[in-house]
file run-v1.cif (mmCIF, C-alpha atoms)
data_work
#
loop_
_atom_site.group_PDB
_atom_site.id
_atom_site.type_symbol
_atom_site.label_atom_id
_atom_site.label_comp_id
_atom_site.auth_asym_id
_atom_site.auth_seq_id
_atom_site.Cartn_x
_atom_site.Cartn_y
_atom_site.Cartn_z
ATOM 1 C CA GLY A 1 74.822 90.245 77.835
ATOM 2 C CA LYS A 2 72.699 93.423 77.571
ATOM 3 C CA TRP A 3 73.810 94.612 80.990
ATOM 4 C CA ILE A 4 77.432 93.586 80.480
ATOM 5 C CA TYR A 5 77.317 95.859 77.442
ATOM 6 C CA SER A 6 75.652 98.615 79.495
ATOM 7 C CA ALA A 7 78.338 98.485 82.191
ATOM 8 C CA LEU A 8 81.064 98.776 79.548
ATOM 9 C CA ALA A 9 79.183 101.669 77.924
ATOM 10 C CA HIS A 10 78.901 103.422 81.295
ATOM 11 C CA ALA A 11 82.682 103.059 81.621
ATOM 12 C CA HIS A 12 82.858 104.699 78.157
ATOM 13 C CA ILE A 13 84.685 101.703 76.665
ATOM 14 C CA PRO A 14 84.074 101.301 72.905
ATOM 15 C CA VAL A 15 82.437 97.919 72.153
ATOM 16 C CA ASP A 16 81.754 95.933 68.980
ATOM 17 C CA ALA A 17 79.230 93.107 68.836
ATOM 18 C CA ILE A 18 80.720 89.962 67.286
ATOM 19 C CA SER A 19 79.144 86.583 66.534
ATOM 20 C CA GLU A 20 80.460 83.036 66.743
ATOM 21 C CA SER A 21 80.869 83.041 62.966
ATOM 22 C CA MET A 22 82.975 86.193 63.169
ATOM 23 C CA LEU A 23 85.109 84.590 65.886
ATOM 24 C CA VAL A 24 85.847 81.752 63.484
ATOM 25 C CA ASP A 25 86.188 83.656 60.210
ATOM 26 C CA GLN A 26 87.558 87.097 61.073
ATOM 27 C CA ASP A 27 90.955 88.402 62.157
ATOM 28 C CA LEU A 28 90.706 89.052 65.911
ATOM 29 C CA SER A 29 94.115 90.687 66.322
ATOM 30 C CA GLY A 30 92.586 94.179 66.457
ATOM 31 C CA TYR A 31 90.739 93.398 69.690
ATOM 32 C CA ARG A 32 92.352 93.871 73.095
ATOM 33 C CA VAL A 33 89.525 92.222 75.084
ATOM 34 C CA ILE A 34 86.699 89.847 74.160
ATOM 35 C CA HIS A 35 83.706 89.378 76.485
ATOM 36 C CA VAL A 36 81.626 86.215 76.064
ATOM 37 C CA SER A 37 78.186 85.982 77.704
ATOM 38 C CA GLY A 38 76.375 82.663 77.910
ATOM 39 C CA PRO A 39 77.286 79.037 78.643
ATOM 40 C CA ASN A 40 77.325 77.551 75.125
ATOM 41 C CA ILE A 41 79.708 78.231 72.263
ATOM 42 C CA ARG A 42 80.679 76.308 69.144
ATOM 43 C CA ARG A 43 83.863 74.293 69.496
ATOM 44 C CA ASP A 44 85.472 75.886 66.458
ATOM 45 C CA ALA A 45 84.815 79.346 67.942
ATOM 46 C CA ALA A 46 86.222 78.208 71.297
ATOM 47 C CA GLU A 47 89.375 76.979 69.585
ATOM 48 C CA LYS A 48 89.795 80.345 67.873
ATOM 49 C CA LEU A 49 89.335 82.117 71.227
ATOM 50 C CA ARG A 50 91.907 79.856 72.879
ATOM 51 C CA ASP A 51 94.479 80.633 70.171
ATOM 52 C CA TRP A 52 93.679 84.360 70.398
ATOM 53 C CA VAL A 53 94.305 84.379 74.164
ATOM 54 C CA ALA A 54 97.520 82.410 73.770
ATOM 55 C CA ALA A 55 98.697 85.057 71.295
ATOM 56 C CA GLY A 56 98.154 87.855 73.834
ATOM 57 C CA GLY A 57 94.423 88.555 74.049
ATOM 58 C CA THR A 58 92.386 89.124 77.206
ATOM 59 C CA LEU A 59 89.250 86.983 77.580
ATOM 60 C CA TYR A 60 86.361 87.640 79.978
ATOM 61 C CA THR A 61 83.370 85.512 80.848
ATOM 62 C CA SER A 62 81.038 85.150 83.807
ATOM 63 C CA GLY A 63 78.788 82.684 85.660
ATOM 64 C CA GLY A 64 78.423 79.521 83.578
ATOM 65 C CA GLY A 65 80.140 81.200 80.628
ATOM 66 C CA LEU A 66 82.058 79.080 78.088
ATOM 67 C CA ALA A 67 81.238 75.921 80.035
ATOM 68 C CA ARG A 68 79.624 73.884 77.223
ATOM 69 C CA ASP A 69 79.743 73.404 73.471
ATOM 70 C CA GLU A 70 76.953 73.480 70.869
ATOM 71 C CA GLY A 71 75.914 69.940 71.850
ATOM 72 C CA ASN A 72 75.774 70.996 75.535
ATOM 73 C CA GLU A 73 78.808 68.824 76.287
ATOM 74 C CA PRO A 74 81.471 70.063 78.761
ATOM 75 C CA LEU A 75 83.973 72.362 77.058
ATOM 76 C CA THR A 76 87.069 71.315 78.987
ATOM 77 C CA MET A 77 89.444 73.037 76.562
ATOM 78 C CA MET A 78 88.249 76.372 77.977
ATOM 79 C CA ASP A 79 88.770 75.223 81.580
ATOM 80 C CA GLU A 80 92.492 75.230 80.805
ATOM 81 C CA VAL A 81 92.289 78.787 79.475
ATOM 82 C CA LEU A 82 90.147 80.055 82.365
ATOM 83 C CA GLY A 83 92.299 78.381 85.004
ATOM 84 C CA VAL A 84 89.699 76.222 86.735
ATOM 85 C CA ARG A 85 89.660 72.489 87.459
ATOM 86 C CA VAL A 86 85.985 71.876 86.821
ATOM 87 C CA ARG A 87 82.814 73.889 86.179
ATOM 88 C CA ARG A 88 79.944 73.497 88.622
ATOM 89 C CA PRO A 89 76.279 74.200 87.794
ATOM 90 C CA MET A 90 75.060 77.675 88.634
ATOM 91 C CA GLU A 91 73.183 78.199 91.882
ATOM 92 C CA GLU A 92 70.291 80.431 90.769
ATOM 93 C CA TRP A 93 68.350 82.258 93.488
ATOM 94 C CA ARG A 94 66.052 84.317 91.295
ATOM 95 C CA THR A 95 64.379 84.009 87.913
ATOM 96 C CA LEU A 96 66.190 86.629 85.877
ATOM 97 C CA PRO A 97 64.077 89.122 83.913
ATOM 98 C CA ARG A 98 64.524 89.380 80.168
ATOM 99 C CA TYR A 99 65.489 92.768 78.828
ATOM 100 C CA GLY A 100 62.623 94.534 77.084
ATOM 101 C CA ALA A 101 62.481 97.646 74.932
ATOM 102 C CA VAL A 102 59.946 99.302 77.252
ATOM 103 C CA GLY A 103 60.320 98.993 81.015
ATOM 104 C CA LEU A 104 62.601 97.059 83.338
ATOM 105 C CA PRO A 105 60.913 94.120 85.145
ATOM 106 C CA GLU A 106 61.976 93.221 88.660
ATOM 107 C CA PHE A 107 63.665 90.000 89.700
ATOM 108 C CA ARG A 108 61.022 87.332 90.195
ATOM 109 C CA GLU A 109 60.700 84.633 92.822
ATOM 110 C CA PRO A 110 63.175 81.727 92.933
ATOM 111 C CA PRO A 111 62.971 79.350 89.958
ATOM 112 C CA PRO A 112 61.413 75.915 90.497
ATOM 113 C CA GLY A 113 63.701 73.903 92.723
ATOM 114 C CA GLY A 114 65.712 76.988 93.631
ATOM 115 C CA THR A 115 66.437 78.229 97.101
ATOM 116 C CA PRO A 116 66.057 81.763 98.473
ATOM 117 C CA PRO A 117 69.260 83.797 98.218
ATOM 118 C CA PRO A 118 71.555 83.451 101.210
ATOM 119 C CA GLU A 119 73.263 86.421 102.815
ATOM 120 C CA MET A 120 75.882 86.225 100.111
ATOM 121 C CA GLY A 121 78.203 88.931 98.904
ATOM 122 C CA VAL A 122 81.470 89.257 97.024
ATOM 123 C CA GLY A 123 84.568 91.350 97.548
ATOM 124 C CA GLY A 124 88.288 91.474 96.922
ATOM 125 C CA SER A 125 91.016 94.085 96.705
ATOM 126 C CA GLY A 126 91.888 97.031 94.493
ATOM 127 C CA ALA A 127 88.946 98.008 92.282
ATOM 128 C CA LEU A 128 86.980 95.092 93.818
ATOM 129 C CA ARG A 129 87.637 96.071 97.439
ATOM 130 C CA GLU A 130 84.059 97.183 98.156
ATOM 131 C CA SER A 131 81.913 94.208 99.115
ATOM 132 C CA VAL A 132 78.639 94.022 97.187
ATOM 133 C CA PRO A 133 75.615 91.770 97.801
ATOM 134 C CA LEU A 134 74.566 89.115 95.299
ATOM 135 C CA LEU A 135 70.915 88.545 94.393
ATOM 136 C CA ALA A 136 70.792 86.401 91.244
ATOM 137 C CA GLY A 137 73.093 83.415 91.829
ATOM 138 C CA ARG A 138 76.661 82.196 91.689
ATOM 139 C CA GLU A 139 79.137 79.573 90.515
ATOM 140 C CA PRO A 140 81.748 78.639 93.154
ATOM 141 C CA LEU A 141 85.069 78.408 91.317
ATOM 142 C CA GLU A 142 87.883 75.882 91.763
ATOM 143 C CA PRO A 143 91.042 77.592 90.465
ATOM 144 C CA VAL A 144 94.088 75.640 89.352
ATOM 145 C CA ASP A 145 97.522 76.210 90.873
ATOM 146 C CA GLY A 146 98.961 79.381 89.412
ATOM 147 C CA ALA A 147 95.606 81.122 88.941
ATOM 148 C CA THR A 148 94.998 84.293 90.955
ATOM 149 C CA VAL A 149 91.846 84.698 93.040
ATOM 150 C CA LEU A 150 90.822 88.367 92.805
ATOM 151 C CA ALA A 151 87.633 88.178 94.913
ATOM 152 C CA THR A 152 85.818 85.686 97.127
ATOM 153 C CA TYR A 153 82.262 85.040 98.210
ATOM 154 C CA SER A 154 81.178 85.598 101.803
ATOM 155 C CA ASP A 155 81.724 81.891 102.534
ATOM 156 C CA GLY A 156 85.326 82.060 101.288
ATOM 157 C CA ALA A 157 84.841 80.300 97.930
ATOM 158 C CA ALA A 158 86.622 81.788 94.917
ATOM 159 C CA ALA A 159 84.414 84.245 93.029
ATOM 160 C CA VAL A 160 86.751 85.912 90.489
ATOM 161 C CA VAL A 161 89.776 84.217 88.937
ATOM 162 C CA ARG A 162 92.499 85.590 86.661
ATOM 163 C CA HIS A 163 94.646 83.104 84.780
ATOM 164 C CA ALA A 164 97.645 83.678 82.506
ATOM 165 C CA PHE A 165 97.469 81.566 79.352
ATOM 166 C CA GLY A 166 100.262 81.792 76.811
ATOM 167 C CA LYS A 167 100.960 85.467 76.213
ATOM 168 C CA GLY A 168 97.431 86.447 77.248
ATOM 169 C CA GLN A 169 95.083 86.186 80.193
ATOM 170 C CA ALA A 170 91.538 85.169 81.053
ATOM 171 C CA PHE A 171 89.085 86.415 83.677
ATOM 172 C CA LEU A 172 86.237 84.304 85.037
ATOM 173 C CA VAL A 173 83.637 86.033 87.234
ATOM 174 C CA GLY A 174 81.598 83.310 88.904
ATOM 175 C CA PHE A 175 78.252 85.116 89.099
ATOM 176 C CA TYR A 176 76.036 87.182 86.786
ATOM 177 C CA PRO A 177 77.715 90.624 86.965
ATOM 178 C CA GLY A 178 75.366 92.125 84.370
ATOM 179 C CA ALA A 179 72.257 91.089 86.293
ATOM 180 C CA GLU A 180 73.754 92.283 89.578
ATOM 181 C CA TYR A 181 74.682 95.599 87.952
ATOM 182 C CA VAL A 182 71.092 96.306 86.893
ATOM 183 C CA ALA A 183 69.459 94.927 90.060
ATOM 184 C CA ASP A 184 69.324 98.296 91.839
ATOM 185 C CA VAL A 185 67.300 99.892 89.026
ATOM 186 C CA LEU A 186 64.732 97.088 88.951
ATOM 187 C CA THR A 187 62.932 98.363 92.044
ATOM 188 C CA ILE A 188 60.707 101.459 92.134
ATOM 189 C CA PRO A 189 61.868 104.159 92.844
ATOM 190 C CA TYR A 190 65.266 104.308 91.153
ATOM 191 C CA ASP A 191 67.775 106.800 89.810
ATOM 192 C CA THR A 192 70.046 105.528 87.041
ATOM 193 C CA ALA A 193 72.732 108.117 87.838
ATOM 194 C CA ARG A 194 72.903 106.787 91.397
ATOM 195 C CA ASP A 195 71.886 103.134 91.201
ATOM 196 C CA PHE A 196 74.219 101.887 88.483
ATOM 197 C CA ARG A 197 76.957 101.480 91.088
ATOM 198 C CA ALA A 198 80.654 101.821 90.278
ATOM 199 C CA ALA A 199 81.511 99.017 92.730
ATOM 200 C CA LYS A 200 79.405 96.571 90.692
ATOM 201 C CA ARG A 201 80.592 97.962 87.361
ATOM 202 C CA ALA A 202 84.173 97.140 88.379
ATOM 203 C CA TYR A 203 83.384 93.418 88.076
ATOM 204 C CA VAL A 204 82.601 93.961 84.384
ATOM 205 C CA THR A 205 85.408 96.364 83.477
ATOM 206 C CA LEU A 206 88.285 94.595 85.242
ATOM 207 C CA ALA A 207 89.481 92.808 82.079
ATOM 208 C CA ALA A 208 89.512 96.030 80.057
ATOM 209 C CA ALA A 209 91.438 97.758 82.849
ATOM 210 C CA ALA A 210 93.968 94.923 82.985
ATOM 211 C CA ALA A 211 94.458 95.126 79.208
ATOM 212 C CA GLY A 212 95.076 98.884 79.353
ATOM 213 C CA VAL A 213 91.930 99.832 77.423
ATOM 214 C CA LYS A 214 91.068 103.536 77.761
ATOM 215 C CA PRO A 215 87.974 105.431 76.613
ATOM 216 C CA VAL A 216 88.173 107.716 73.585
ATOM 217 C CA VAL A 217 85.493 110.061 74.988
ATOM 218 C CA ASP A 218 85.382 109.893 78.791
ATOM 219 C CA ALA A 219 82.743 112.064 80.455
ATOM 220 C CA SER A 220 82.882 112.631 84.209
ATOM 221 C CA GLU A 221 79.369 111.142 84.507
ATOM 222 C CA PRO A 222 78.974 107.444 83.582
ATOM 223 C CA LEU A 223 75.507 107.945 82.051
ATOM 224 C CA VAL A 224 76.783 110.575 79.602
ATOM 225 C CA GLU A 225 77.956 108.919 76.387
ATOM 226 C CA GLY A 226 80.159 110.534 73.765
ATOM 227 C CA VAL A 227 81.514 109.542 70.352
ATOM 228 C CA LEU A 228 84.437 111.153 68.521
ATOM 229 C CA LEU A 229 83.549 111.850 64.872
ATOM 230 C CA LYS A 230 85.889 113.148 62.169
ATOM 231 C CA ASN A 231 85.135 114.574 58.739
ATOM 232 C CA ALA A 232 87.582 112.768 56.451
ATOM 233 C CA ALA A 233 87.480 115.573 53.870
ATOM 234 C CA THR A 234 87.964 118.607 56.127
ATOM 235 C CA GLY A 235 89.590 117.084 59.205
ATOM 236 C CA ARG A 236 87.090 118.822 61.490
ATOM 237 C CA GLN A 237 86.005 116.851 64.529
ATOM 238 C CA ALA A 238 82.883 116.695 66.680
ATOM 239 C CA VAL A 239 81.775 114.937 69.853
ATOM 240 C CA PRO A 240 78.016 114.474 70.303
ATOM 241 C CA LEU A 241 77.124 113.960 73.968
ATOM 242 C CA MET A 242 74.067 111.940 74.989
ATOM 243 C CA ASN A 243 72.687 112.005 78.531
ATOM 244 C CA TRP A 244 70.903 108.723 79.300
ATOM 245 C CA ALA A 245 70.328 109.444 83.012
ATOM 246 C CA TYR A 246 66.816 109.630 84.464
ATOM 247 C CA ARG A 247 64.932 108.830 87.651
ATOM 248 C CA VAL A 248 61.584 107.153 88.391
ATOM 249 C CA ASP A 249 59.679 108.096 91.532
ATOM 250 C CA ASP A 250 57.227 106.129 93.678
ATOM 251 C CA ASP A 251 54.387 107.011 91.292
ATOM 252 C CA ARG A 252 56.427 105.719 88.327
ATOM 253 C CA ASP A 253 56.781 109.234 86.924
ATOM 254 C CA ARG A 254 60.009 109.676 84.979
ATOM 255 C CA SER A 255 62.220 112.763 84.908
ATOM 256 C CA ALA A 256 65.553 113.501 83.276
ATOM 257 C CA THR A 257 68.698 114.034 85.340
ATOM 258 C CA VAL A 258 70.595 117.245 84.640
ATOM 259 C CA PHE A 259 74.354 117.400 85.223
ATOM 260 C CA THR A 260 76.354 120.568 85.750
ATOM 261 C CA ASN A 261 80.105 121.219 85.466
ATOM 262 C CA LEU A 262 80.595 118.187 83.234
ATOM 263 C CA THR A 263 84.188 117.400 82.286
ATOM 264 C CA VAL A 264 84.906 115.446 79.105
ATOM 265 C CA ARG A 265 88.332 113.929 78.407
ATOM 266 C CA ILE A 266 88.936 113.226 74.703
ATOM 267 C CA ARG A 267 91.855 111.098 73.499
ATOM 268 C CA GLY A 268 93.277 110.741 70.017
ATOM 269 C CA THR A 269 92.193 114.071 68.537
ATOM 270 C CA GLY A 270 95.610 115.469 67.727
ATOM 271 C CA PRO A 271 96.291 119.160 68.540
ATOM 272 C CA VAL A 272 93.120 121.039 69.533
ATOM 273 C CA ARG A 273 93.034 124.721 70.517
ATOM 274 C CA ARG A 274 89.319 125.530 70.415
ATOM 275 C CA ILE A 275 86.091 123.687 71.182
ATOM 276 C CA SER A 276 82.688 125.240 70.639
ATOM 277 C CA SER A 277 79.382 123.951 71.994
ATOM 278 C CA ALA A 278 76.401 123.866 69.664
ATOM 279 C CA ALA A 279 74.045 123.492 72.633
ATOM 280 C CA LEU A 280 75.566 126.395 74.598
ATOM 281 C CA ASP A 281 76.184 128.500 71.463
ATOM 282 C CA GLY A 282 79.718 129.406 72.450
ATOM 283 C CA ASP A 283 83.194 128.178 73.266
ATOM 284 C CA VAL A 284 83.918 125.972 76.268
ATOM 285 C CA PRO A 285 87.162 125.846 78.311
ATOM 286 C CA VAL A 286 89.878 123.551 76.941
ATOM 287 C CA GLU A 287 92.909 122.068 78.662
ATOM 288 C CA VAL A 288 95.515 120.188 76.647
ATOM 289 C CA GLU A 289 97.660 117.427 78.164
ATOM 290 C CA GLY A 290 100.549 115.801 76.349
#
call {"tool": "encode", "arguments": {"input": "run-v1.cif", "output": "structure tokens"}}
result
Amino acid sequence: GKWIYSALAHAHIPVDAISESMLVDQDLSGYRVIHVSGPNIRRDAAEKLRDWVAAGGTLYTSGGGLARDEGNEPLTMMDEVLGVRVRRPMEEWRTLPRYGAVGLPEFREPPPGGTPPPEMGVGGSGALRESVPLLAGREPLEPVDGATVLATYSDGAAAVVRHAFGKGQAFLVGFYPGAEYVADVLTIPYDTARDFRAAKRAYVTLAAAAAGVKPVVDASEPLVEGVLLKNAATGRQAVPLMNWAYRVDDDRDRSATVFTNLTVRIRGTGPVRRISSAALDGDVPVEVEG
């Protein structure tokens, strides 16, 4: 879930964190897309998700996601939404590291009873056209008639399925896209500006793209984050920019990455004629579209 969130943040897509209780109790109509990470979910929350998709929402989950209820029983009601006949157990090839506040541990050896990863990759068409290797594991998918297979594994099994349900749609990615996204920065040396790969990020952002979600503040570098702020009293607006990019060399020394000629697209501001930079102590060029 941490790295699913990171991939969405690197695509500059605004994200809220919501709980199972909020799924049940709150009005979900303001959300275009809901991502669910993890295999277990309460049945009452699953029912609310099913109704939300049927009303026009876009649901996304990944390997093993939404497969079982709070009693660890099969959650077949979600199979109908996701467009698969049955859910198979995950094939896990590595013990996945837990996210920590300080440092990024590498993938560990195969879990007990696991097998070494095969020469397995995944690829499709459009935004998923670039084939990427898989390191962590997978769930081979069995789509129902009418579901669309967007990508396949190297052995031909379905890897990504889109399924229309009511007025909405659901996406099931049969591996751990968050873990695969971070895998390239779990080995020394690494460069976050280079090793968080767009081809892997596409497997996380495909639902948002299909639902027409666009960033509010969209910097030309994925690791530069921006937020649009507005003073309700004066109407003045500001966009703080945060550069999260850095690199670690063979000696584990860390250094910041500096970007030049950054372009920032800002939506929803209303008419703007002048933008000044506090950091540069002067105005910056502005182009207005629409």
call {"tool": "resolve_selection", "arguments": {"input": "run-v1.cif", "expression": "the PyMOL selection byres ((chain A and resi 177-193) around 7)", "output": "short mmCIF file (atom, residue, chain, number, x, y, z; two decimals) with C-alpha atoms, in the frame of the given file"}}
result
data_model
loop_
_atom_site.label_atom_id
_atom_site.label_comp_id
_atom_site.auth_asym_id
_atom_site.auth_seq_id
_atom_site.Cartn_x
_atom_site.Cartn_y
_atom_site.Cartn_z
CA GLY A 1 74.82 90.24 77.83
CA TRP A 3 73.81 94.61 80.99
CA ILE A 4 77.43 93.59 80.48
CA LEU A 104 62.60 97.06 83.34
CA PRO A 105 60.91 94.12 85.14
CA GLU A 106 61.98 93.22 88.66
CA LEU A 134 74.57 89.12 95.30
CA LEU A 135 70.92 88.54 94.39
CA ALA A 136 70.79 86.40 91.24
CA PHE A 175 78.25 85.12 89.10
CA TYR A 176 76.04 87.18 86.79
CA ARG A 194 72.90 106.79 91.40
CA ASP A 195 71.89 103.13 91.20
CA PHE A 196 74.22 101.89 88.48
CA LYS A 200 79.40 96.57 90.69
CA ARG A 201 80.59 97.96 87.36
CA TYR A 203 83.38 93.42 88.08
CA VAL A 204 82.60 93.96 84.38
CA LEU A 223 75.51 107.94 82.05
CA ALA A 245 70.33 109.44 83.01
CA TYR A 246 66.82 109.63 84.46
CA ARG A 247 64.93 108.83 87.65
CA VAL A 248 61.58 107.15 88.39
CA ASP A 249 59.68 108.10 91.53
CA ASP A 250 57.23 106.13 93.68
#
call {"tool": "residues_around", "arguments": {"input": "run-v1.cif", "residues": "Gly124 in chain A", "least_positions_apart": "5", "cutoff": "8 Å", "atoms": "only C-alpha atoms", "output": "list of chain:residue names"}}
result
A:Arg129, A:Glu130, A:Ser131, A:Leu150, A:Ala151, A:Thr152
call {"tool": "atom_distance", "arguments": {"input": "run-v1.cif", "atom1": "CA of Asp27 in chain A", "atom2": "CA of Gly56 in chain A"}}
result
13.7 Å
call {"tool": "resolve_selection", "arguments": {"input": "run-v1.cif", "expression": "the PyMOL selection byres ((chain A and resi 59-68) around 7)", "output": "PyMOL selection string"}}
result
chain A and resi 33-41+53+57-58+69-70+72-75+78+87+90+138-139+169-176+207
call {"tool": "atom_distance", "arguments": {"input": "run-v1.cif", "atom1": "CA of Gly212 in chain A", "atom2": "CA of Leu8 in chain A"}}
result
14.0 Å
call {"tool": "residues_around", "arguments": {"input": "run-v1.cif", "residues": "His10 in chain A", "least_positions_apart": "4", "cutoff": "10 Å", "atoms": "only C-alpha atoms", "output": "list in words"}}
result
Ile4, Tyr5, Ser6, Phe196, Ala198, Arg201, Thr205, Asp218, Ala219, Glu221, Pro222, Leu223, Val224, Glu225 and Trp244 of chain A
call {"tool": "resolve_selection", "arguments": {"input": "run-v1.cif", "expression": "the PyMOL selection byres ((chain A and resi 148) around 8)", "output": "PyMOL selection string"}}
result
chain A and resi 143+146-147+149-150+161-163
call {"tool": "write_last_selection", "arguments": {"input": "run-v1.cif", "atoms": "C-alpha atoms", "output": "short mmCIF file (atom, residue, chain, number, x, y, z; two decimals), in the coordinates of the input"}}
result
data_model
loop_
_atom_site.label_atom_id
_atom_site.label_comp_id
_atom_site.auth_asym_id
_atom_site.auth_seq_id
_atom_site.Cartn_x
_atom_site.Cartn_y
_atom_site.Cartn_z
CA PRO A 143 91.04 77.59 90.46
CA GLY A 146 98.96 79.38 89.41
CA ALA A 147 95.61 81.12 88.94
CA VAL A 149 91.85 84.70 93.04
CA LEU A 150 90.82 88.37 92.80
CA VAL A 161 89.78 84.22 88.94
CA ARG A 162 92.50 85.59 86.66
CA HIS A 163 94.65 83.10 84.78
#
call {"tool": "residues_around", "arguments": {"input": "run-v1.cif", "residues": "Val132 in chain A", "least_positions_apart": "5", "cutoff": "8 Å", "atoms": "only C-alpha atoms", "output": "PyMOL selection string"}}
result
chain A and resi 121-123+199-200
call {"tool": "atom_distance", "arguments": {"input": "run-v1.cif", "atom1": "CA of Ala159 in chain A", "atom2": "CA of Tyr31 in chain A"}}
result
25.9 Å
call {"tool": "closest_residue", "arguments": {"input": "run-v1.cif", "among": "A:Ala202, A:Val272, A:Val239, A:Ala55", "to": "Val216 in chain A", "atoms": "all atoms listed in the file"}}
result
A:Val239
call {"tool": "closest_residue", "arguments": {"input": "run-v1.cif", "among": "A:Leu229, A:Ile18, A:Ala256, A:Val84", "to": "Gly268 in chain A", "atoms": "all atoms listed in the file"}}
result
A:Leu229
call {"tool": "axis_aligned_box", "arguments": {"input": "run-v1.cif", "around": "range 280-289 of chain A", "padding_each_side": "5 Å", "output": "lines of an AutoDock Vina configuration file"}}
result
center_x = 86.6
center_y = 123.4
center_z = 75.1
size_x = 32.1
size_y = 22.0
size_z = 17.2
